[in-house]
$ cat work24.cif   # mmCIF, C-alpha atoms
data_data
loop_
_atom_site.group_PDB
_atom_site.id
_atom_site.type_symbol
_atom_site.label_atom_id
_atom_site.label_comp_id
_atom_site.auth_asym_id
_atom_site.auth_seq_id
_atom_site.Cartn_x
_atom_site.Cartn_y
_atom_site.Cartn_z
ATOM 1 C CA MET A 1 0.000 0.000 0.000
ATOM 2 C CA GLU A 2 2.961 2.230 0.678
ATOM 3 C CA PHE A 3 4.175 1.479 -2.834
ATOM 4 C CA ASN A 4 0.854 2.485 -4.302
ATOM 5 C CA LYS A 5 0.994 5.815 -2.551
ATOM 6 C CA ILE A 6 4.555 6.452 -3.685
ATOM 7 C CA GLU A 7 3.643 5.406 -7.199
ATOM 8 C CA ASP A 8 0.747 7.853 -7.208
ATOM 9 C CA ILE A 9 2.970 10.670 -6.054
ATOM 10 C CA LEU A 10 5.590 9.689 -8.632
ATOM 11 C CA GLU A 11 2.967 9.817 -11.336
ATOM 12 C CA LYS A 12 1.968 13.308 -10.216
ATOM 13 C CA TYR A 13 5.621 14.279 -9.909
ATOM 14 C CA PHE A 14 6.319 13.576 -13.550
ATOM 15 C CA GLU A 15 3.295 15.613 -14.523
ATOM 16 C CA GLY A 16 4.626 18.551 -12.511
ATOM 17 C CA GLU A 17 1.664 18.477 -10.135
ATOM 18 C CA THR A 18 3.277 17.676 -6.809
ATOM 19 C CA SER A 19 3.624 20.052 -3.880
ATOM 20 C CA ILE A 20 6.895 20.631 -2.053
ATOM 21 C CA ALA A 21 5.652 18.392 0.772
ATOM 22 C CA GLU A 22 4.956 15.516 -1.598
ATOM 23 C CA GLU A 23 8.322 15.967 -3.256
ATOM 24 C CA ASN A 24 9.971 15.809 0.145
ATOM 25 C CA GLU A 25 8.088 12.595 0.790
ATOM 26 C CA LEU A 26 9.560 11.174 -2.412
ATOM 27 C CA LYS A 27 13.059 12.289 -1.474
ATOM 28 C CA GLU A 28 12.694 10.732 1.937
ATOM 29 C CA TYR A 29 11.353 7.479 0.541
ATOM 30 C CA PHE A 30 14.129 7.134 -2.016
ATOM 31 C CA SER A 31 16.839 7.904 0.501
ATOM 32 C CA SER A 32 15.574 5.115 2.779
ATOM 33 C CA SER A 33 16.957 1.599 2.527
ATOM 34 C CA ASN A 34 13.734 -0.219 1.664
ATOM 35 C CA VAL A 35 12.965 1.026 -1.824
ATOM 36 C CA ALA A 36 10.840 -1.336 -3.887
ATOM 37 C CA GLN A 37 12.736 -3.188 -6.582
ATOM 38 C CA HIS A 38 10.820 -1.736 -9.516
ATOM 39 C CA LEU A 39 11.281 1.818 -8.201
ATOM 40 C CA GLU A 40 15.017 1.413 -7.629
ATOM 41 C CA GLN A 41 15.781 3.214 -10.892
ATOM 42 C CA TYR A 42 14.519 6.552 -9.494
ATOM 43 C CA LYS A 43 16.865 6.423 -6.538
ATOM 44 C CA PRO A 44 19.824 8.225 -8.149
ATOM 45 C CA MET A 45 17.593 11.036 -9.371
ATOM 46 C CA PHE A 46 16.288 11.963 -5.934
ATOM 47 C CA GLY A 47 19.600 11.130 -4.325
ATOM 48 C CA TYR A 48 21.242 13.578 -6.676
ATOM 49 C CA PHE A 49 18.835 16.417 -5.836
ATOM 50 C CA SER A 50 19.552 16.026 -2.144
ATOM 51 C CA GLN A 51 23.286 15.743 -2.687
ATOM 52 C CA VAL A 52 23.541 18.823 -4.880
ATOM 53 C CA LYS A 53 21.784 20.943 -2.299
ATOM 54 C CA GLU A 54 24.717 20.372 0.044
ATOM 55 C CA GLN A 55 27.129 22.273 -2.206
ATOM 56 C CA LYS A 56 28.249 25.538 -0.726
ATOM 57 C CA SER A 57 30.190 28.477 -1.972
ATOM 58 C CA THR A 58 33.362 28.864 0.042
ATOM 59 C CA GLN A 59 34.374 32.173 -1.373
ATOM 60 C CA GLU A 60 34.390 35.442 0.497
ATOM 61 C CA ILE A 61 32.662 38.270 -1.261
ATOM 62 C CA PRO A 62 34.756 41.408 -1.420
ATOM 63 C CA LEU A 63 32.553 44.362 -0.650
ATOM 64 C CA LYS A 64 34.455 47.550 -1.116
ATOM 65 C CA THR A 65 33.012 50.939 -0.652
ATOM 66 C CA LYS A 66 33.908 52.423 -3.960
ATOM 67 C CA LYS A 67 33.290 56.048 -3.007
ATOM 68 C CA ARG A 68 36.651 56.505 -1.337
ATOM 69 C CA ASN A 69 38.488 55.174 -4.387
ATOM 70 C CA VAL A 70 36.659 57.583 -6.637
ATOM 71 C CA ALA A 71 37.615 60.519 -4.374
ATOM 72 C CA TRP A 72 41.283 59.562 -4.447
ATOM 73 C CA LEU A 73 41.168 59.102 -8.197
ATOM 74 C CA SER A 74 39.758 62.570 -8.786
ATOM 75 C CA ILE A 75 42.333 64.160 -6.491
ATOM 76 C CA ALA A 76 45.162 62.391 -8.310
ATOM 77 C CA ALA A 77 43.714 63.285 -11.711
ATOM 78 C CA SER A 78 43.335 66.966 -10.875
ATOM 79 C CA ALA A 79 46.912 67.065 -9.542
ATOM 80 C CA VAL A 80 48.187 65.598 -12.796
ATOM 81 C CA VAL A 81 46.157 68.049 -14.859
ATOM 82 C CA LEU A 82 47.397 71.007 -12.799
ATOM 83 C CA LEU A 83 51.016 69.878 -13.127
ATOM 84 C CA GLY A 84 50.614 69.419 -16.875
ATOM 85 C CA VAL A 85 49.054 72.809 -17.436
ATOM 86 C CA GLY A 86 51.624 74.453 -15.137
ATOM 87 C CA THR A 87 54.634 72.994 -16.963
ATOM 88 C CA TYR A 88 53.106 73.836 -20.329
ATOM 89 C CA PHE A 89 52.761 77.500 -19.446
ATOM 90 C CA TYR A 90 56.166 77.579 -17.765
ATOM 91 C CA VAL A 91 57.911 76.131 -20.823
ATOM 92 C CA SER A 92 56.032 78.202 -23.393
ATOM 93 C CA GLU A 93 56.795 81.343 -21.396
ATOM 94 C CA LYS A 94 60.501 80.504 -21.583
ATOM 95 C CA ASN A 95 60.353 79.754 -25.309
ATOM 96 C CA ALA A 96 58.391 82.862 -26.212
ATOM 97 C CA THR A 97 61.484 85.094 -26.423
ATOM 98 C CA GLN A 98 63.396 82.536 -28.507
ATOM 99 C CA VAL A 99 60.525 82.132 -30.980
ATOM 100 C CA VAL A 100 60.579 85.835 -31.770
ATOM 101 C CA ALA A 101 64.330 85.704 -32.383
ATOM 102 C CA GLN A 102 64.046 82.624 -34.607
ATOM 103 C CA SER A 103 61.273 84.022 -36.755
ATOM 104 C CA GLU A 104 63.629 86.798 -37.874
ATOM 105 C CA LEU A 105 66.207 84.335 -39.182
ATOM 106 C CA GLY A 106 65.979 83.242 -42.818
ATOM 107 C CA THR A 107 63.774 86.025 -44.071
ATOM 108 C CA TYR A 108 64.866 88.234 -46.942
ATOM 109 C CA ASP A 109 63.727 91.742 -47.662
ATOM 110 C CA ASP A 110 65.044 91.734 -51.252
ATOM 111 C CA PRO A 111 63.114 89.358 -53.569
ATOM 112 C CA GLU A 112 66.102 88.677 -55.861
ATOM 113 C CA GLU A 113 68.223 87.675 -52.939
ATOM 114 C CA ALA A 114 65.450 85.378 -51.814
ATOM 115 C CA LEU A 115 65.191 83.754 -55.267
ATOM 116 C CA ALA A 116 68.926 83.070 -55.330
ATOM 117 C CA ALA A 117 68.838 81.521 -51.908
ATOM 118 C CA THR A 118 65.843 79.337 -52.846
ATOM 119 C CA GLN A 119 67.484 78.121 -56.050
ATOM 120 C CA LYS A 120 70.625 77.280 -54.158
ATOM 121 C CA ALA A 121 68.656 75.258 -51.640
ATOM 122 C CA LEU A 122 66.705 73.414 -54.361
ATOM 123 C CA ALA A 123 69.901 72.640 -56.313
ATOM 124 C CA LEU A 124 71.427 71.173 -53.175
ATOM 125 C CA LEU A 125 68.344 68.993 -52.712
ATOM 126 C CA SER A 126 68.279 67.716 -56.312
ATOM 127 C CA ASN A 127 71.990 66.888 -56.128
ATOM 128 C CA LYS A 128 71.364 64.712 -53.121
ATOM 129 C CA VAL A 129 68.450 63.023 -54.848
ATOM 130 C CA ASN A 130 70.625 62.271 -57.901
ATOM 131 C CA VAL A 131 73.218 60.627 -55.703
ATOM 132 C CA GLY A 132 70.470 58.363 -54.421
ATOM 133 C CA ILE A 133 69.272 57.491 -57.923
ATOM 134 C CA GLU A 134 72.804 56.726 -59.135
ATOM 135 C CA SER A 135 73.307 54.119 -56.476
ATOM 136 C CA VAL A 136 69.998 52.514 -57.402
ATOM 137 C CA GLN A 137 71.158 52.321 -61.033
ATOM 138 C CA TYR A 138 74.138 50.289 -59.883
ATOM 139 C CA ILE A 139 71.755 47.749 -58.524
ATOM 140 C CA ASN A 140 69.911 47.734 -61.858
ATOM 141 C CA GLU A 141 73.165 46.920 -63.602
ATOM 142 C CA TYR A 142 73.730 44.010 -61.276
ATOM 143 C CA GLU A 143 70.234 42.785 -61.955
ATOM 144 C CA GLN A 144 70.776 42.869 -65.698
ATOM 145 C CA SER A 145 74.072 40.967 -65.625
ATOM 146 C CA LYS A 146 72.580 38.467 -63.232
ATOM 147 C CA ASN A 147 69.754 37.856 -65.690
ATOM 148 C CA LYS A 148 72.269 37.340 -68.479
ATOM 149 C CA ILE A 149 74.090 34.666 -66.527
ATOM 150 C CA PHE A 150 71.203 32.905 -64.912
ATOM 151 C CA LYS A 151 68.717 32.536 -67.684
ATOM 152 C CA GLN A 152 65.500 31.161 -66.544
ATOM 153 C CA MET B 1 22.924 49.694 4.766
ATOM 154 C CA ASN B 2 26.308 48.677 6.115
ATOM 155 C CA GLN B 3 28.375 45.628 5.217
ATOM 156 C CA SER B 4 27.301 43.367 8.057
ATOM 157 C CA ALA B 5 23.611 44.061 7.426
ATOM 158 C CA PHE B 6 24.123 43.285 3.773
ATOM 159 C CA ILE B 7 25.973 40.026 4.517
ATOM 160 C CA GLU B 8 23.126 39.031 6.774
ATOM 161 C CA LEU B 9 20.672 39.772 4.014
ATOM 162 C CA ILE B 10 22.440 37.698 1.382
ATOM 163 C CA ASN B 11 23.561 34.786 3.543
ATOM 164 C CA PRO B 12 20.327 32.788 3.286
ATOM 165 C CA PHE B 13 20.457 32.635 -0.498
ATOM 166 C CA LYS B 14 24.151 33.013 -1.311
ATOM 167 C CA ASP B 15 24.601 29.267 -1.741
ATOM 168 C CA LYS B 16 21.476 29.016 -3.867
ATOM 169 C CA VAL B 17 22.955 31.593 -6.206
ATOM 170 C CA PHE B 18 26.180 29.607 -6.292
ATOM 171 C CA ARG B 19 24.401 26.329 -7.037
ATOM 172 C CA LEU B 20 22.311 27.835 -9.807
ATOM 173 C CA ALA B 21 25.446 29.320 -11.354
ATOM 174 C CA LYS B 22 27.186 25.986 -11.069
ATOM 175 C CA ARG B 23 24.267 24.206 -12.690
ATOM 176 C CA LEU B 24 24.561 26.444 -15.728
ATOM 177 C CA LEU B 25 28.285 27.132 -15.924
ATOM 178 C CA THR B 26 29.457 23.683 -14.760
ATOM 179 C CA SER B 27 32.809 24.729 -13.358
ATOM 180 C CA THR B 28 33.149 25.659 -9.717
ATOM 181 C CA GLU B 29 35.469 28.574 -10.443
ATOM 182 C CA GLU B 30 33.089 30.125 -12.939
ATOM 183 C CA ALA B 31 30.258 29.679 -10.499
ATOM 184 C CA GLU B 32 32.244 31.400 -7.748
ATOM 185 C CA ASP B 33 32.950 34.284 -10.107
ATOM 186 C CA ALA B 34 29.294 34.546 -11.052
ATOM 187 C CA THR B 35 28.235 34.526 -7.395
ATOM 188 C CA GLN B 36 30.684 37.275 -6.614
ATOM 189 C CA GLU B 37 29.550 39.296 -9.598
ATOM 190 C CA VAL B 38 25.892 39.062 -8.593
ATOM 191 C CA MET B 39 26.610 39.960 -4.966
ATOM 192 C CA VAL B 40 28.704 42.955 -5.928
ATOM 193 C CA LYS B 41 25.923 44.124 -8.246
ATOM 194 C CA LEU B 42 23.448 43.772 -5.394
ATOM 195 C CA TRP B 43 25.772 45.674 -3.069
ATOM 196 C CA ASN B 44 26.038 48.485 -5.592
ATOM 197 C CA LYS B 45 22.293 48.886 -5.699
ATOM 198 C CA LYS B 46 21.891 48.511 -1.962
ATOM 199 C CA GLU B 47 20.144 51.868 -1.711
ATOM 200 C CA SER B 48 17.276 50.734 -3.907
ATOM 201 C CA LEU B 49 16.923 47.149 -2.635
ATOM 202 C CA ASP B 50 13.919 48.034 -0.506
ATOM 203 C CA SER B 51 11.881 48.799 -3.593
ATOM 204 C CA TYR B 52 12.086 45.164 -4.734
ATOM 205 C CA GLY B 53 9.613 42.685 -3.333
ATOM 206 C CA SER B 54 12.060 39.892 -2.691
ATOM 207 C CA VAL B 55 15.812 40.405 -2.787
ATOM 208 C CA GLU B 56 16.268 36.654 -3.096
ATOM 209 C CA ALA B 57 14.124 36.441 -6.234
ATOM 210 C CA LEU B 58 16.004 39.447 -7.621
ATOM 211 C CA ALA B 59 19.340 37.776 -6.922
ATOM 212 C CA MET B 60 18.245 34.536 -8.564
ATOM 213 C CA THR B 61 16.990 36.398 -11.623
ATOM 214 C CA MET B 62 20.274 38.304 -11.858
ATOM 215 C CA THR B 63 22.202 35.049 -11.553
ATOM 216 C CA LYS B 64 20.138 33.401 -14.248
ATOM 217 C CA ASN B 65 20.623 36.320 -16.638
ATOM 218 C CA TYR B 66 24.306 36.658 -15.848
ATOM 219 C CA CYS B 67 24.978 32.959 -16.466
ATOM 220 C CA LEU B 68 23.000 32.887 -19.696
ATOM 221 C CA ASP B 69 24.966 35.928 -20.884
ATOM 222 C CA GLN B 70 28.203 34.189 -19.948
ATOM 223 C CA LEU B 71 27.202 31.083 -21.874
ATOM 224 C CA LYS B 72 26.223 33.152 -24.875
ATOM 225 C CA SER B 73 29.547 34.982 -24.983
ATOM 226 C CA LYS B 74 31.419 31.704 -24.474
ATOM 227 C CA ARG B 75 29.648 30.169 -27.430
ATOM 228 C CA ALA B 76 30.237 33.234 -29.549
ATOM 229 C CA GLY B 77 33.936 32.905 -28.793
ATOM 230 C CA ASN B 78 33.744 29.230 -29.740
ATOM 231 C CA LEU B 79 34.895 28.180 -26.313
ATOM 232 C CA GLN B 80 33.314 25.362 -24.422
ATOM 233 C CA ILE B 81 33.224 24.938 -20.717
ATOM 234 C CA VAL B 82 35.100 21.781 -19.922
ATOM 235 C CA HIS B 83 33.890 19.486 -17.206
ATOM 236 C CA ASN B 84 37.144 19.800 -15.357
ATOM 237 C CA ASN B 85 36.034 19.503 -11.801
ATOM 238 C CA TYR B 86 35.034 15.885 -11.859
ATOM 239 C CA THR B 87 38.509 14.889 -10.807
ATOM 240 C CA ASP B 88 38.356 17.128 -7.740
ATOM 241 C CA ARG B 89 35.556 15.040 -6.355
ATOM 242 C CA GLU B 90 37.177 11.711 -7.103
ATOM 243 C CA PRO B 91 38.568 10.970 -3.633
ATOM 244 C CA GLN B 92 35.233 11.823 -2.059
ATOM 245 C CA LEU B 93 33.461 9.624 -4.554
ATOM 246 C CA ASP B 94 35.604 6.652 -3.699
ATOM 247 C CA LYS B 95 34.400 6.794 -0.161
ATOM 248 C CA LYS B 96 30.802 6.861 -1.198
ATOM 249 C CA LEU B 97 28.594 3.951 -2.047
ATOM 250 C CA GLU B 98 28.791 2.367 -5.438
ATOM 251 C CA ASP B 99 25.753 4.296 -6.663
ATOM 252 C CA SER B 100 27.748 7.545 -6.665
ATOM 253 C CA ASN B 101 28.419 6.698 -10.262
ATOM 254 C CA SER B 102 24.746 6.938 -11.098
ATOM 255 C CA LEU B 103 24.533 10.296 -9.295
ATOM 256 C CA GLU B 104 27.133 11.565 -11.695
ATOM 257 C CA TRP B 105 25.022 10.181 -14.490
ATOM 258 C CA VAL B 106 22.084 12.245 -13.297
ATOM 259 C CA GLN B 107 24.290 15.323 -13.334
ATOM 260 C CA LYS B 108 25.344 14.557 -16.888
ATOM 261 C CA ILE B 109 21.789 13.960 -18.023
ATOM 262 C CA ILE B 110 20.594 17.229 -16.512
ATOM 263 C CA SER B 111 23.468 19.126 -18.088
ATOM 264 C CA GLN B 112 22.279 17.961 -21.488
ATOM 265 C CA LEU B 113 18.855 19.535 -21.034
ATOM 266 C CA PRO B 114 18.119 22.968 -22.500
ATOM 267 C CA GLU B 115 19.179 25.753 -20.126
ATOM 268 C CA GLN B 116 15.645 26.846 -19.334
ATOM 269 C CA LEU B 117 14.779 23.329 -18.135
ATOM 270 C CA GLN B 118 18.019 23.093 -16.162
ATOM 271 C CA ILE B 119 17.077 26.299 -14.370
ATOM 272 C CA LEU B 120 13.614 24.984 -13.525
ATOM 273 C CA ILE B 121 14.928 21.642 -12.254
ATOM 274 C CA GLN B 122 17.484 23.499 -10.152
ATOM 275 C CA LEU B 123 14.932 25.892 -8.680
ATOM 276 C CA ARG B 124 12.234 23.317 -8.003
ATOM 277 C CA ASP B 125 13.831 19.948 -7.388
ATOM 278 C CA VAL B 126 17.027 21.126 -5.758
ATOM 279 C CA GLU B 127 16.170 24.422 -4.098
ATOM 280 C CA GLN B 128 12.484 23.595 -3.639
ATOM 281 C CA TYR B 129 11.060 26.976 -4.439
ATOM 282 C CA GLU B 130 7.283 27.292 -4.616
ATOM 283 C CA PHE B 131 5.836 27.811 -8.075
ATOM 284 C CA ASP B 132 4.921 31.449 -7.463
ATOM 285 C CA GLU B 133 8.515 32.173 -6.447
ATOM 286 C CA ILE B 134 9.857 30.446 -9.552
ATOM 287 C CA ALA B 135 7.398 32.455 -11.626
ATOM 288 C CA LYS B 136 8.965 35.660 -10.294
ATOM 289 C CA ILE B 137 12.499 34.469 -10.944
ATOM 290 C CA VAL B 138 12.115 33.186 -14.485
ATOM 291 C CA ASN B 139 9.276 35.507 -15.494
ATOM 292 C CA MET B 140 6.948 32.731 -16.684
ATOM 293 C CA ASN B 141 3.432 31.837 -15.571
ATOM 294 C CA GLU B 142 2.899 28.903 -13.252
ATOM 295 C CA THR B 143 1.165 26.659 -15.780
ATOM 296 C CA ALA B 144 4.010 27.066 -18.246
ATOM 297 C CA ILE B 145 6.468 26.253 -15.470
ATOM 298 C CA ARG B 146 4.579 23.071 -14.546
ATOM 299 C CA VAL B 147 4.474 21.943 -18.157
ATOM 300 C CA ALA B 148 8.166 22.634 -18.714
ATOM 301 C CA LEU B 149 9.107 20.989 -15.437
ATOM 302 C CA SER B 150 7.105 17.897 -16.321
ATOM 303 C CA ARG B 151 8.913 17.769 -19.640
ATOM 304 C CA ALA B 152 12.310 18.089 -17.950
ATOM 305 C CA ARG B 153 11.532 15.393 -15.373
ATOM 306 C CA LYS B 154 10.298 13.000 -18.021
ATOM 307 C CA LYS B 155 13.415 13.587 -20.081
ATOM 308 C CA ILE B 156 15.586 12.807 -17.077
ATOM 309 C CA ARG B 157 13.554 9.649 -16.398
ATOM 310 C CA GLU B 158 13.850 8.568 -20.011
ATOM 311 C CA SER B 159 17.636 9.002 -20.046
ATOM 312 C CA MET B 160 17.908 7.308 -16.657
ATOM 313 C CA LEU B 161 15.949 4.306 -17.906
ATOM 314 C CA ASN B 162 18.199 4.047 -20.913
ATOM 315 C CA THR B 163 21.363 4.044 -18.823
ATOM 316 C CA HIS B 164 19.722 1.690 -16.323
ATOM 317 C CA ARG B 165 19.007 -0.847 -19.058
ATOM 318 C CA TYR B 166 22.442 -0.315 -20.494
ATOM 319 C CA GLY B 167 23.855 -1.293 -17.131
ATOM 320 C CA ILE B 168 21.950 -4.570 -17.176
ATOM 321 C CA GLN B 169 22.726 -5.665 -20.689
#
$ encode --input "work24.cif" --output "structure tokens"
Amino acid sequence: MEFNKIEDILEKYFEGETSIAEENELKEYFSSSNVAQHLEQYKPMFGYFSQVKEQKSTQEIPLKTKKRNVAWLSIAASAVVLLGVGTYFYVSEKNATQVVAQSELGTYDDPEEALAATQKALALLSNKVNVGIESVQYINEYEQSKNKIFKQ
Amino acid sequence: MNQSAFIELINPFKDKVFRLAKRLLTSTEEAEDATQEVMVKLWNKKESLDSYGSVEALAMTMTKNYCLDQLKSKRAGNLQIVHNNYTDREPQLDKKLEDSNSLEWVQKIISQLPEQLQILIQLRDVEQYEFDEIAKIVNMNETAIRVALSRARKKIRESMLNTHRYGIQ
């Protein structure tokens, strides 16, 4: 008769109709030693549910009050910004006099003089470029003779 | 709310959060991380906790969503969670009765269910929440929960019967 009752509850259990109390009854029955032979197969299922519930988290949860961190961060950030702005102004102040002096170098009042100076500078540049091209032509020569010898 | 009050508030359901996370994420480490994440999130909204009906239901919902997100991003990255903590339990298992092997089978069978069913089995059969509480956590109505739960339980039974017969043959 006990079996019949358990079987009824089992039937309801698989239909999702049991209450917590009935489910506990099942768990208790299947954890006992006298489970009917033909119901033996359900034992691991209910045994598993009870076993899993024993698992516990062992970890501590770090609860930091984040407000203090934020305050420190903003203080540090503003200090950095102030330092940066301060050095920028300090340095640019120092350079200001030099900039004026430099801007007067290299300017010509007479246009002809300026043209001559520009041409001289450009000629210097093109000379240097030619030197570069010449050395590349050497390599071309090598390439050609190589191709003559190693015909593919 | 200060720290000790908060700890007192979360203590009753901290392990439930951990177990739900472990059900979904499989590895103990990932579950610990998820638990921590959820608790820190709760701590950060500690000012507004009073406006929620049940902090426990809120925590379980957050855990569920967090774990599903984790799984989604894992799958997107083509990574699979490896069942690497079976070996940790080996010495314990040796001490247990011979049917410990079938308990592991149950675990395996449940882990093959769809996540939604795993969550329901965890909430009902392991944590023994009432249906109205589950409804709040998973945002489903009670009838749908009963139907899904019935489906999950029958699937477990079916797989169990298969392995049971396999053992005999």
$ resolve_selection --input "work24.cif" --expression "the PyMOL selection byres ((chain A) within 10 of (chain B))" --output "PyMOL selection string"
chain A and resi 12-21+23-24+27+40-66
$ atom_distance --input "work24.cif" --atom1 "CA of Ile10 (chain B)" --atom2 "CA of Ser51 (chain B)"
16.1 Å
$ atom_distance --input "work24.cif" --atom1 "CA of Ser111 (chain B)" --atom2 "CA of Leu24 (chain B)"
7.8 Å
$ atom_distance --input "work24.cif" --atom1 "CA of Ala135 (chain B)" --atom2 "CA of Asn65 (chain B)"
14.7 Å
